[in-house]
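Peer 1: A single structure is presented below for examination.
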Protein chains: 2
Amino acid sequence: MLETTDERAGMPAVSATEGRPPGSAGTQRRRAGRPSAAVLDKAGITAAALELINRKGYDGLTMAALAKELDVAPSALYNHVAAKRDVLLLVEDHLTSLVDVSGFGPAPWEDAVRGWAWSYRNVFAEHTPLIPVIAVLPVTDAPQTLAMYETVSKGFLDAGFPQERIVSSIVALESFIFGSAYDVTAPADIFESGSMAEATPHFTAAVRSAAGQVDGPPADAAFSLGLEALIAGLGALREQRA
Amino acid sequence: MLETTDERAGMPAVSATEGRPPGSAGTQRRRAGRPSAAVLDKAGITAAALELINRKGYDGLTMAALAKELDVAPSALYNHVAAKRDVLLLVEDHLTSLVDVSGFGPAPWEDAVRGWAWSYRNVFAEHTPLIPVIAVLPVTDAPQTLAMYETVSKGFLDAGFPQERIVSSIVALESFIFGSAYDVTAPADIFESGSMAEATPHFTAAVRSAAGQVDGPPADAAFSLGLEALIAGLGALREQRA
DNA sequence: TCTAATAAATGAATGCCGTTCATTTAGTGG
DNA sequence: CCACTAAATGAACGGCATTCATTTATTAGA
């Protein structure tokens with residue numbers, strides 16, 4: 001149900017607050033009743049939600065806080081969204097538009113997928129609370145997300161992928177990407193077995209020898225390993241093109 | 001911080017409620033003060049939480065409902081867990097003990113990994129609200145989870161895996177498994193593009209041709225595709241064993 | 001053996017959160 | 001001109017996790 005107003009989002013929503021710095025509640029109160037010019041719209045709500053998330057994280061994204069950010073009563077939000085989930089949907093769809101799909105077309109299929117996957121993971125690693133929302137999200141409700149799927153699908157088709165395997169392939173890649181996004185947020189010492197170390201000798205040894213490798217964050221090593229395996233394995237499905 | 005009392009959990013916690021059907025609040029009230037025999041323990045809390053989840057889902061798992069299930073005041077729970085997160089941890093660790101790792105050892109590495117991954121995904125597909133918890137969970141706090149890692153690590157090592165790549169390989173597989181678990185819960189019509197169908201011709205065509213295939217749930221096709229790619233790709237890391 | 005500390009329960013209270021509803025005011029279509 | 005709808009306010013509501021004072025029972029130490 002999202003309109004494609006996304007081009008306006010991302011900028012600090014000047015329209016909504018008429019230049020007043022958002023969050024600094026204006027001195028004069030707005031009196032009750034419909035204002036001459038609408039204060040809220042979906043683009044403004046999206047931008048304010050993103051600003052709030054960046055400043056206070058997802059715990060800070062409450063309907064009350066969002067209303068304050070927009071200098072509005074909390075109940076006013078419900079004239080534009082049916083529930084908080086709709087706000088998360090707006091944010092999700094905006095973020096998806098930031099995922100880099102530019103490799104599809106010019107670059108070889110392997111490079112296009114690689115660039116897309118890294119970009120996709122990096123965007124949502126900062127927004128893992130959205131992942132449960134995305135997973136159950138009908139694409140109809142998210143036009144930017146649908147646009148991404150279209151670009152990727154075309155890339156797979158042009159690379160010689162059999163049409164009936166494209167969706168499954170994308171879903172498999174996405175599953176790996178979402179799971180890996182969580183991984184980025186894990187604490188560095190997540191695998192320290194502590195007092196139970198002597199009960200788990202093989203695992204403990206594996207953790208220690210992995211720590212010896214010094215190239216970048218461990219989440220990146222696992223992501224690279226899995227992604228290259230997926231690219232190789234899925235790439236084998238392609239037929240030779242005309 | 002979980003004790004390894006897990007063997008007792010899983011059964012309907014007779015110890016905690018002394019045979020009275022849990023949930024049917026006893027007629028006589030328990031008076032204030034410490035009772036002669038402890039009413040609560042971690043195994044009982046775990047079993048009651050699982051029972052509640054099975055009956056009402058994760059929305060029904062509230063501290064108040066859990067207390068009622070155990071015929072106890074909500075505040076009593078906080079003598080045994082520091083926060084609701086700890087309850088989820090107890091549940092997670094119990095579920096992990098249900099994951100089938102029996103293939104490691106007897107079966108060839110590929111078959112062992114395949115069986116483990118399917119089992120792991122199936123267990124947590126019913127418990128996706130736990131996934132964000134697992135992702136940030138230090139293994140020290142979950143002995144059963146640690147035991148699973150030990151078994152899997154040994155299986156990889158015995159199959160000729162280089163030690164320093166084992167953790168990354170397991171993490172990559174787990175990421176795919178967790179992402180795929182979400183996928184199972186997705187509605188069947190998630191990819192119906194509806195009114196925007198003509199704007200996304202390649203994707204719409206791909207969705208339709210995939211629907212033509214009739215073998216099992218679409219989530220299973222994607223999981224199988226990705227898992228086989230990962231097994232093939234990761235398997236290539238093995239050295240030839242002595 | 002008395003006694004202080006600790007453990008485990010009750011019950012009342014707190015603060016936050018998402019959401020609803022009555023009300024007010026402003027634009028809009030017939 | 002008038003009914004209807006859209007968009008705001010502000011006051012509620014129920015539910016949630018969590019805390020705290022209090023009571024009672026067990027346990028450790030002098």
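We name chains A, B, ... following the order of the structure tokens; residues begin at 1 in each chain, and ligands are numbered from 1 as shown.
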Quick one: residues within 12 Å of D:DA6, only C-alpha atoms (C1' of nucleotides), excluding same-chain residues fewer than 2 positions away - as a ChimeraX atom specification?
Peer 2: /A:33-38,40,76,79-80 /C:25-28 /D:4,8
Peer 1: Applying 9 Å and only C-alpha atoms (C1' of nucleotides), which residues near B:Pro218 remain after dropping the ones on its own chain fewer than 5 positions away? List them as a JSON list (two decimals) with all heavy atoms, in the first residue's frame.
Peer 2:
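Listed below is the output, selection_24.json:
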[["chain", "number", "residue", "atom", "x", "y", "z"],
["A", 168, "SER", "N", 13.97, -19.25, -6.70],
["A", 168, "SER", "CA", 14.62, -20.05, -5.66],
["A", 168, "SER", "C", 16.07, -19.61, -5.43],
["A", 168, "SER", "O", 16.54, -19.57, -4.29],
["A", 168, "SER", "CB", 14.60, -21.53, -6.04],
["A", 168, "SER", "OG", 13.34, -22.09, -5.80],
["B", 184, "VAL", "N", 10.58, -20.19, 5.73],
["B", 184, "VAL", "CA", 9.54, -21.21, 5.88],
["B", 184, "VAL", "C", 8.22, -20.58, 6.33],
["B", 184, "VAL", "O", 7.14, -21.00, 5.95],
["B", 184, "VAL", "CB", 9.99, -22.29, 6.90],
["B", 184, "VAL", "CG1", 8.87, -23.28, 7.19],
["B", 184, "VAL", "CG2", 11.22, -23.02, 6.38],
["B", 188, "ALA", "N", 2.41, -17.88, 1.33],
["B", 188, "ALA", "CA", 2.62, -18.48, 0.01],
["B", 188, "ALA", "C", 2.59, -17.43, -1.11],
["B", 188, "ALA", "O", 3.31, -17.54, -2.10],
["B", 188, "ALA", "CB", 1.55, -19.54, -0.25],
["B", 210, "ALA", "N", 8.10, -20.45, -11.70],
["B", 210, "ALA", "CA", 8.51, -21.23, -10.53],
["B", 210, "ALA", "C", 7.31, -21.92, -9.91],
["B", 210, "ALA", "O", 7.41, -23.04, -9.41],
["B", 210, "ALA", "CB", 9.19, -20.33, -9.50],
["B", 211, "ALA", "N", 6.15, -21.25, -9.97],
["B", 211, "ALA", "CA", 4.94, -21.83, -9.41],
["B", 211, "ALA", "C", 4.52, -23.08, -10.18],
["B", 211, "ALA", "O", 3.82, -23.94, -9.65],
["B", 211, "ALA", "CB", 3.80, -20.81, -9.41],
["B", 213, "GLN", "N", 6.42, -25.55, -11.11],
["B", 213, "GLN", "CA", 7.04, -26.71, -10.46],
["B", 213, "GLN", "C", 6.18, -27.09, -9.25],
["B", 213, "GLN", "O", 5.83, -26.24, -8.45],
["B", 213, "GLN", "CB", 8.44, -26.35, -9.96],
["B", 213, "GLN", "CG", 9.24, -25.51, -10.93],
["B", 213, "GLN", "CD", 9.80, -26.33, -12.06],
["B", 213, "GLN", "OE1", 9.13, -26.48, -13.07],
["B", 213, "GLN", "NE2", 10.98, -26.86, -11.88],
["B", 223, "PHE", "N", 15.90, -23.85, -0.12],
["B", 223, "PHE", "CA", 16.85, -24.33, 0.88],
["B", 223, "PHE", "C", 17.74, -25.42, 0.31],
["B", 223, "PHE", "O", 18.95, -25.41, 0.50],
["B", 223, "PHE", "CB", 16.09, -24.85, 2.11],
["B", 223, "PHE", "CG", 16.99, -25.25, 3.24],
["B", 223, "PHE", "CD1", 17.74, -24.30, 3.91],
["B", 223, "PHE", "CD2", 17.09, -26.58, 3.64],
["B", 223, "PHE", "CE1", 18.57, -24.65, 4.97],
["B", 223, "PHE", "CE2", 17.93, -26.95, 4.69],
["B", 223, "PHE", "CZ", 18.67, -25.98, 5.36]]
Peer 1: Atom CA of B:Tyr78 to atom C1' of D:DC16: how many Å, to one decimal?
Peer 2: 15.2 Å
Peer 1: Excluding same-chain residues fewer than 4 positions from stretch 18-24 of chain D, what lies within 12 Å of it counting only C-alpha atoms (C1' of nucleotides), as a count of residues only?
Peer 2: 28
Peer 1: Neighbouring residues of A:Pro108 were defined as those with any atom within 12 Å, considering only C-alpha atoms (C1' of nucleotides); residues of the same chain fewer than 5 positions away were excluded. Please report them as an MDAnalysis selection string.
Peer 2: chainID A and resid 102:103 113:115 155:156 158:160 231 235
Peer 1: Using N, CA and C atoms, can you write the selected residues to a file as a compact mmCIF listing (two decimals), in the first residue's frame?
Peer 2:
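Below you can see part02.txt, which holds the result:
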# COMPACT_ATOMS: atom_id res chain seq x y z
N SER A 102 23.79 -1.96 -9.42
CA SER A 102 24.32 -1.39 -10.67
C SER A 102 25.16 -2.38 -11.46
N GLY A 103 25.60 -3.46 -10.81
CA GLY A 103 26.42 -4.42 -11.53
C GLY A 103 25.65 -5.24 -12.54
N VAL A 113 26.39 -10.28 -8.87
CA VAL A 113 25.82 -10.90 -7.68
C VAL A 113 26.67 -10.58 -6.46
N ARG A 114 27.99 -10.65 -6.63
CA ARG A 114 28.88 -10.39 -5.51
C ARG A 114 28.67 -8.97 -4.98
N GLY A 115 28.65 -8.01 -5.87
CA GLY A 115 28.47 -6.61 -5.45
C GLY A 115 27.12 -6.37 -4.80
N GLY A 155 18.85 -9.64 -14.50
CA GLY A 155 20.27 -9.99 -14.52
C GLY A 155 20.49 -11.49 -14.60
N PHE A 156 19.72 -12.23 -13.84
CA PHE A 156 19.84 -13.69 -13.85
C PHE A 156 19.40 -14.26 -15.20
N ASP A 158 19.30 -12.75 -18.15
CA ASP A 158 20.26 -12.39 -19.20
C ASP A 158 21.55 -13.20 -19.10
N ALA A 159 21.83 -13.67 -17.89
CA ALA A 159 23.05 -14.47 -17.73
C ALA A 159 22.83 -15.93 -18.13
N GLY A 160 21.61 -16.24 -18.57
CA GLY A 160 21.35 -17.60 -19.03
C GLY A 160 20.75 -18.52 -17.99
N ILE A 231 27.77 -18.57 -5.14
CA ILE A 231 27.93 -18.08 -6.52
C ILE A 231 28.39 -19.21 -7.44
N GLY A 235 25.80 -20.66 -10.03
CA GLY A 235 26.25 -20.33 -11.38
C GLY A 235 26.24 -21.54 -12.29
Peer 1: Nearest to A:Leu173 among A:Trp109, A:Tyr58, A:Tyr120, A:Phe104, with distances taken over only C-alpha atoms: which residue is it?
Peer 2: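 That would be A:Tyr120, the residue with the smallest distance to A:Leu173.
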Peer 1: Would you pick out the contacts of B:Asp183 at 12 Å or less, using only C-alpha atoms (C1' of nucleotides), so that residues sharing its chain but fewer than 6 positions from it are not included, and give the list as number ranges by chain?
Peer 2: A: 131-137, 168, 170-176, 178-179; B: 121-122, 124-126, 128, 176-177, 190, 217-223
Peer 1: Extract, using only C-alpha atoms (C1' of nucleotides), all DNA, RNA and protein residues at most 12 Å from C:DC21, discarding same-chain residues fewer than 6 positions from it, and format them as a VMD selection string.
Peer 2: (chain A and resid 75) or (chain D and resid 9 to 13)
Peer 1: Could you write out the selected residues, including all heavy atoms, as a short mmCIF file (atom, residue, chain, number, x, y, z; two decimals), in the first residue's frame?
Peer 2:
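Written file, part00.cif:
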data_model
loop_
_atom_site.label_atom_id
_atom_site.label_comp_id
_atom_site.auth_asym_id
_atom_site.auth_seq_id
_atom_site.Cartn_x
_atom_site.Cartn_y
_atom_site.Cartn_z
N SER A 75 -1.16 10.36 18.27
CA SER A 75 -2.34 9.84 17.58
C SER A 75 -2.43 10.35 16.14
O SER A 75 -3.07 9.72 15.31
CB SER A 75 -3.60 10.21 18.35
OG SER A 75 -3.65 11.59 18.59
P DT D 9 -1.15 17.58 16.58
OP1 DT D 9 -0.04 18.48 16.95
OP2 DT D 9 -0.93 16.14 16.50
"O5'" DT D 9 -2.38 17.82 17.56
"C5'" DT D 9 -2.81 19.15 17.85
"C4'" DT D 9 -3.90 19.12 18.91
"O4'" DT D 9 -4.96 18.25 18.46
"C3'" DT D 9 -3.43 18.60 20.27
"O3'" DT D 9 -3.78 19.54 21.27
"C2'" DT D 9 -4.16 17.27 20.45
"C1'" DT D 9 -5.35 17.40 19.52
N1 DT D 9 -5.76 16.11 18.90
C2 DT D 9 -6.96 15.54 19.25
O2 DT D 9 -7.73 16.04 20.05
N3 DT D 9 -7.24 14.35 18.62
C4 DT D 9 -6.45 13.68 17.69
O4 DT D 9 -6.80 12.63 17.19
C5 DT D 9 -5.20 14.33 17.38
C7 DT D 9 -4.27 13.70 16.40
C6 DT D 9 -4.91 15.49 17.99
P DG D 10 -2.95 19.58 22.63
OP1 DG D 10 -3.09 20.96 23.16
OP2 DG D 10 -1.63 19.00 22.40
"O5'" DG D 10 -3.80 18.60 23.57
"C5'" DG D 10 -5.19 18.82 23.70
"C4'" DG D 10 -5.84 17.65 24.42
"O4'" DG D 10 -6.10 16.58 23.46
"C3'" DG D 10 -4.97 17.00 25.50
"O3'" DG D 10 -5.83 16.63 26.56
"C2'" DG D 10 -4.41 15.77 24.81
"C1'" DG D 10 -5.62 15.37 24.00
N9 DG D 10 -5.35 14.46 22.90
C8 DG D 10 -4.23 14.37 22.11
N7 DG D 10 -4.30 13.44 21.20
C5 DG D 10 -5.55 12.86 21.40
C6 DG D 10 -6.19 11.80 20.72
O6 DG D 10 -5.75 11.13 19.76
N1 DG D 10 -7.46 11.53 21.25
C2 DG D 10 -8.03 12.21 22.29
N2 DG D 10 -9.26 11.81 22.66
N3 DG D 10 -7.44 13.21 22.93
C4 DG D 10 -6.21 13.48 22.43
P DA D 11 -5.32 16.50 28.03
OP1 DA D 11 -5.43 17.84 28.62
OP2 DA D 11 -4.04 15.77 28.06
"O5'" DA D 11 -6.45 15.55 28.67
"C5'" DA D 11 -7.74 15.53 28.09
"C4'" DA D 11 -8.27 14.10 28.01
"O4'" DA D 11 -7.80 13.45 26.80
"C3'" DA D 11 -7.81 13.22 29.18
"O3'" DA D 11 -8.92 12.48 29.65
"C2'" DA D 11 -6.76 12.31 28.53
"C1'" DA D 11 -7.35 12.16 27.13
N9 DA D 11 -6.38 11.72 26.13
C8 DA D 11 -5.14 12.24 25.89
N7 DA D 11 -4.49 11.64 24.91
C5 DA D 11 -5.36 10.66 24.49
C6 DA D 11 -5.27 9.68 23.48
N6 DA D 11 -4.20 9.54 22.69
N1 DA D 11 -6.32 8.86 23.32
C2 DA D 11 -7.39 9.00 24.11
N3 DA D 11 -7.59 9.89 25.09
C4 DA D 11 -6.53 10.70 25.22
P DA D 12 -8.91 11.82 31.08
OP1 DA D 12 -10.31 11.62 31.46
OP2 DA D 12 -7.99 12.58 31.94
"O5'" DA D 12 -8.25 10.38 30.83
"C5'" DA D 12 -9.01 9.26 31.05
"C4'" DA D 12 -9.12 8.43 29.77
"O4'" DA D 12 -8.13 8.90 28.83
"C3'" DA D 12 -8.76 6.99 29.99
"O3'" DA D 12 -9.91 6.29 30.35
"C2'" DA D 12 -8.19 6.54 28.65
"C1'" DA D 12 -7.84 7.85 27.93
N9 DA D 12 -6.44 7.97 27.48
C8 DA D 12 -5.50 8.84 27.95
N7 DA D 12 -4.34 8.76 27.31
C5 DA D 12 -4.54 7.77 26.37
C6 DA D 12 -3.72 7.21 25.38
N6 DA D 12 -2.44 7.59 25.18
N1 DA D 12 -4.23 6.23 24.59
C2 DA D 12 -5.50 5.86 24.80
N3 DA D 12 -6.38 6.32 25.70
C4 DA D 12 -5.83 7.28 26.45
P DC D 13 -9.86 5.13 31.36
OP1 DC D 13 -11.21 4.90 31.90
OP2 DC D 13 -8.73 5.45 32.27
"O5'" DC D 13 -9.46 3.88 30.47
"C5'" DC D 13 -9.91 3.80 29.12
"C4'" DC D 13 -9.18 2.63 28.47
"O4'" DC D 13 -8.04 3.12 27.74
"C3'" DC D 13 -8.68 1.65 29.50
"O3'" DC D 13 -9.30 0.40 29.30
"C2'" DC D 13 -7.17 1.61 29.32
"C1'" DC D 13 -6.93 2.28 27.98
N1 DC D 13 -5.69 3.12 27.97
C2 DC D 13 -4.75 2.92 26.96
O2 DC D 13 -4.98 2.08 26.09
N3 DC D 13 -3.62 3.66 26.95
C4 DC D 13 -3.41 4.57 27.91
N4 DC D 13 -2.30 5.28 27.86
C5 DC D 13 -4.36 4.78 28.94
C6 DC D 13 -5.47 4.04 28.94
#
Peer 1: Taking only C-alpha atoms (C1' of nucleotides) into account, name the residue in D:DA17, D:DA7, D:DA30, D:DC2 that is nearest to chain A.
Peer 2: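 For chain A, the nearest of the given residues is D:DA7.
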